[in-house]
Amino acid sequence: MKLLVTGGAGFIGSNFIKYILNKYPDYSVVNLDILTYAGNLENLKEAKNNPGYKFVKGDICDRELADSLVKDIDAIVHFAAESHVDRSILDASPFIKTNVLGTQVLLEAARAKDVRFHHVSTDEVFGSLGPDDEPFNENTPYGPRSPYSASKAASDHLVRAYFHTHNLPITISNCTNNYGPYQFPEKFIPLFVTNLLEGKKVPLYGDGLNVRDWLYTEDHCRAIDAVLHRGKIGETYCVGGNCEKTNIEIAKTILKLLDKDESSIEPVKDRLGHDRRYAMSIKKISEELGWQPEVNFEEGLQKTIEWYKNNENWWQKIKSGEYLDYYKVQYCERNAHARYA
Ligand code: NAD
Ligand code: DAU
């Protein structure tokens with residue numbers, strides 16, 4: 001099988017490419033990535049010399065490029081996106097361009113050749129749950145509340161529209177919070193781990209009682225693999241870790257694993273519009289495709305912390321780089337957070 005993977009230099013996309021090349025040695029993968037601040041070819045050093053792997057630097061919004069790449073491809077697995085909620089609060093424009101327009105460009109390119117299209121999406125499209133609400137599932141009405149989740153919701157609707165209108169063979173997966181190796185250190189778990197390894201404090205938003213459902217990246221890769229190969233065309237599959245945790249709970253676990261005490265926690269102003277709780281029912285994907293998370297949170301977190309300990313070069317380069325500095329200044333000024341001080 002020949003795959004076009006978009007956003008393959010990012011966190012989940014790079015884990016997915018390595019997973020696929022390892023599991024299916026006869027597959028080939030073209031990785032289309034524009035290398036934003038979040039894209040990093042170092043994530044793919046193990047794949048670099050694999051004859052089945054090719055990197056193309058480019059924008060998913062470039063229709064000509066998309067047409068040329070789709071020519072002899074069997075399926076597109078679409079990860080490319082602006083992915084960080086806090087950045088979407090500062091400036092939604094790149095989110096609309098890449099997540100909405102970029103997805104539409106890829107859909108058109110896929111339609112021209114009738115190429116199978118798998119869209120990687122998020123639980124955030126469903127909105128925010130109250131403490132006693134049932135977890136999200138495939139029938140939950142959409143209710144996105146951040147510019148990021150609104151842009152992902154728009155992209156999901158477009159993907160479904162191309163199925164219903166043009167019969168394009170699509171599937172969608174909506175997944176909960178991922179963690180694992182190669183996650184950009186602006187996200188909660190890698191930011192907390194690397195700050196503590198540097199002897200810094202960790203910025204906990206609001207009361208720290210927001211709940212997320214955590215899944216180890218490799219489990220997410222296995223879920224996408226299952227949907228890509230065995231999912232029913234036109235269908236959506238919800239993916240999650242059955243692992244609801246408050247942020248303060250996770251912060252305390254990380255502190256413990258790194259031998260730090262709670263004085264390292266710095267409570268900061270809450271994220272604007274901060275969704276309170278996400279949780280996901282995985283009934284459909286487990287019953288229909290036999291997928292279940294395999295890595296429990298304690299094991300996954302230990303492995304993740306070990307990875308950050310052993311790969312300090314990777315994240316030090318990022319943390320001292322200009323992309324994070326720009327964000328740091330903007331974010332601190334607008335929200336009066338003391339988070340990176
Ligand atoms: P990431 O930010 O780490 O990586 C995104 C990648 O997309 C980067 O390599 C970037 O260079 C590339 N990209 C951005 N704009 C592009 C463009 N215009 N053209 C080509 N490439 C472009 O993101 P991630 O955390 O790996 O998320 C990947 C996908 O999974 C996203 O669609 C995201 O919405 C979805 N998702 C993420 C999570 C999570 O917890 N991280 C959970 C559920 C779903
Ligand atoms: O739910 C899936 C989504 O998970 C993905 O679609 C997004 O791409 C991904 O970024 C992630 O979104 P979140 O906003 O949930 O992840 P983030 O790591 O930014 O934050 C996780 C929680 O931790 C959230 O409640 C906010 C909190 N937080 C985050 C940061 C960065 C803090 O308390 N302090 C922080 O510094």
# chains A, B, ... in the order shown; residues from 1 in each chain; ligands from 1
call {"tool": "closest_atom_pairs", "arguments": {"of": "region 147-193 of chain A", "to": "region 64-88 of chain A", "cutoff": "9 Å", "atoms": "only C-alpha atoms", "output": "Markdown table"}}
result
| residue | atom | partner | partner_atom | distance |
| --- | --- | --- | --- | --- |
| A:Pro147 | CA | A:Ser88 | CA | 5.5 |
| A:Tyr148 | CA | A:Ser88 | CA | 5.4 |
| A:Ser149 | CA | A:Val85 | CA | 7.8 |
| A:Lys152 | CA | A:Ala81 | CA | 8.6 |
| A:Glu186 | CA | A:His84 | CA | 8.1 |
| A:Lys187 | CA | A:His84 | CA | 7.5 |
call {"tool": "select_by_dssp", "arguments": {"residues": "region 95-124 of chain A", "states": "helix (DSSP H, G or I)", "output": "list in words"}}
result
Phe95, Ile96, Lys97, Thr98, Asn99, Val100, Leu101, Gly102, Thr103, Gln104, Val105, Leu106, Leu107, Glu108, Ala109, Ala110, Arg111, Ala112, Lys113, Asp123 and Glu124 of chain A
call {"tool": "write_last_selection", "arguments": {"atoms": "N, CA and C atoms", "output": "PDB file, in the first residue's frame"}}
result
ATOM      1  N   PHE A  95      -5.005  28.513  11.872  1.00  0.00           N
ATOM      2  CA  PHE A  95      -5.861  27.354  12.152  1.00  0.00           C
ATOM      3  C   PHE A  95      -6.931  27.215  11.073  1.00  0.00           C
ATOM      4  N   ILE A  96      -7.479  28.373  10.668  1.00  0.00           N
ATOM      5  CA  ILE A  96      -8.514  28.331   9.632  1.00  0.00           C
ATOM      6  C   ILE A  96      -7.866  27.923   8.309  1.00  0.00           C
ATOM      7  N   LYS A  97      -6.696  28.502   8.046  1.00  0.00           N
ATOM      8  CA  LYS A  97      -6.049  28.232   6.751  1.00  0.00           C
ATOM      9  C   LYS A  97      -5.683  26.742   6.636  1.00  0.00           C
ATOM     10  N   THR A  98      -4.903  26.255   7.588  1.00  0.00           N
ATOM     11  CA  THR A  98      -4.424  24.870   7.454  1.00  0.00           C
ATOM     12  C   THR A  98      -5.539  23.857   7.736  1.00  0.00           C
ATOM     13  N   ASN A  99      -6.232  24.029   8.865  1.00  0.00           N
ATOM     14  CA  ASN A  99      -7.156  22.978   9.293  1.00  0.00           C
ATOM     15  C   ASN A  99      -8.412  22.925   8.420  1.00  0.00           C
ATOM     16  N   VAL A 100      -8.867  24.085   7.960  1.00  0.00           N
ATOM     17  CA  VAL A 100     -10.099  24.091   7.156  1.00  0.00           C
ATOM     18  C   VAL A 100      -9.769  24.090   5.658  1.00  0.00           C
ATOM     19  N   LEU A 101      -9.075  25.153   5.210  1.00  0.00           N
ATOM     20  CA  LEU A 101      -8.797  25.239   3.767  1.00  0.00           C
ATOM     21  C   LEU A 101      -7.882  24.112   3.311  1.00  0.00           C
ATOM     22  N   GLY A 102      -6.862  23.812   4.118  1.00  0.00           N
ATOM     23  CA  GLY A 102      -5.914  22.753   3.743  1.00  0.00           C
ATOM     24  C   GLY A 102      -6.622  21.410   3.595  1.00  0.00           C
ATOM     25  N   THR A 103      -7.540  21.142   4.509  1.00  0.00           N
ATOM     26  CA  THR A 103      -8.276  19.863   4.422  1.00  0.00           C
ATOM     27  C   THR A 103      -9.121  19.837   3.145  1.00  0.00           C
ATOM     28  N   GLN A 104      -9.726  20.974   2.822  1.00  0.00           N
ATOM     29  CA  GLN A 104     -10.567  21.015   1.613  1.00  0.00           C
ATOM     30  C   GLN A 104      -9.719  20.799   0.347  1.00  0.00           C
ATOM     31  N   VAL A 105      -8.506  21.380   0.336  1.00  0.00           N
ATOM     32  CA  VAL A 105      -7.617  21.182  -0.827  1.00  0.00           C
ATOM     33  C   VAL A 105      -7.283  19.694  -0.979  1.00  0.00           C
ATOM     34  N   LEU A 106      -6.957  19.045   0.132  1.00  0.00           N
ATOM     35  CA  LEU A 106      -6.619  17.608   0.072  1.00  0.00           C
ATOM     36  C   LEU A 106      -7.821  16.778  -0.368  1.00  0.00           C
ATOM     37  N   LEU A 107      -9.004  17.165   0.114  1.00  0.00           N
ATOM     38  CA  LEU A 107     -10.218  16.436  -0.271  1.00  0.00           C
ATOM     39  C   LEU A 107     -10.450  16.538  -1.785  1.00  0.00           C
ATOM     40  N   GLU A 108     -10.217  17.733  -2.336  1.00  0.00           N
ATOM     41  CA  GLU A 108     -10.377  17.906  -3.783  1.00  0.00           C
ATOM     42  C   GLU A 108      -9.374  17.047  -4.555  1.00  0.00           C
ATOM     43  N   ALA A 109      -8.126  17.057  -4.054  1.00  0.00           N
ATOM     44  CA  ALA A 109      -7.092  16.259  -4.730  1.00  0.00           C
ATOM     45  C   ALA A 109      -7.461  14.780  -4.646  1.00  0.00           C
ATOM     46  N   ALA A 110      -7.964  14.353  -3.491  1.00  0.00           N
ATOM     47  CA  ALA A 110      -8.371  12.950  -3.321  1.00  0.00           C
ATOM     48  C   ALA A 110      -9.540  12.625  -4.236  1.00  0.00           C
ATOM     49  N   ARG A 111     -10.486  13.551  -4.339  1.00  0.00           N
ATOM     50  CA  ARG A 111     -11.672  13.334  -5.163  1.00  0.00           C
ATOM     51  C   ARG A 111     -11.311  13.144  -6.638  1.00  0.00           C
ATOM     52  N   ALA A 112     -10.314  13.932  -7.088  1.00  0.00           N
ATOM     53  CA  ALA A 112      -9.924  13.858  -8.500  1.00  0.00           C
ATOM     54  C   ALA A 112      -9.434  12.453  -8.861  1.00  0.00           C
ATOM     55  N   LYS A 113      -8.889  11.726  -7.873  1.00  0.00           N
ATOM     56  CA  LYS A 113      -8.345  10.382  -8.168  1.00  0.00           C
ATOM     57  C   LYS A 113      -9.099   9.295  -7.390  1.00  0.00           C
ATOM     58  N   ASP A 123     -11.358  14.835  20.009  1.00  0.00           N
ATOM     59  CA  ASP A 123     -12.575  14.820  20.842  1.00  0.00           C
ATOM     60  C   ASP A 123     -13.080  16.242  21.113  1.00  0.00           C
ATOM     61  N   GLU A 124     -12.196  17.250  20.903  1.00  0.00           N
ATOM     62  CA  GLU A 124     -12.572  18.622  21.275  1.00  0.00           C
ATOM     63  C   GLU A 124     -13.709  19.173  20.430  1.00  0.00           C
TER      64      GLU A 124
END
call {"tool": "residues_around", "arguments": {"residues": "Gly13 (chain A)", "least_positions_apart": "3", "cutoff": "10 Å", "atoms": "only C-alpha atoms", "output": "list in words"}}
result
Val5, Thr6, Gly7, Gly8, Ala9, Gly10, Phe16, Ile17, Lys18, Tyr19, Asn31, Asp33, Gly39, Asn43, Leu44, Val77, His78, Phe79, Ala80, Val120, Thr217 and Cys221 of chain A
call {"tool": "atom_distance", "arguments": {"atom1": "atom 4 (O, counted along the ligand's line) of ligand 1", "atom2": "CA of His220 (chain A)"}}
result
14.3 Å
call {"tool": "atom_distance", "arguments": {"atom1": "CA of Glu244 (chain A)", "atom2": "CA of Trp307 (chain A)"}}
result
23.0 Å
call {"tool": "residues_near_ligand", "arguments": {"ligand": "ligand 2", "cutoff": "9 Å", "atoms": "only C-alpha atoms and all ligand atoms", "output": "MDAnalysis selection string"}}
result
chainID A and resid 81:86 121:125 148:149 152 174:179 185:192 202:214 246:248 251 267:268 270:271 274:279 339
call {"tool": "closest_residue", "arguments": {"among": "A:Glu312, A:Lys256, A:Pro144, A:His118", "to": "Leu228 (chain A)", "atoms": "only C-alpha atoms"}}
result
A:His118
call {"tool": "atom_distance", "arguments": {"atom1": "CA of Gly273 (chain A)", "atom2": "CA of Ile89 (chain A)"}}
result
9.2 Å
call {"tool": "select_by_dssp", "arguments": {"residues": "region 60-121 of chain A", "states": "strand (DSSP E or B)", "output": "NGL selection string"}}
result
:A and (75-78 or 116-121)
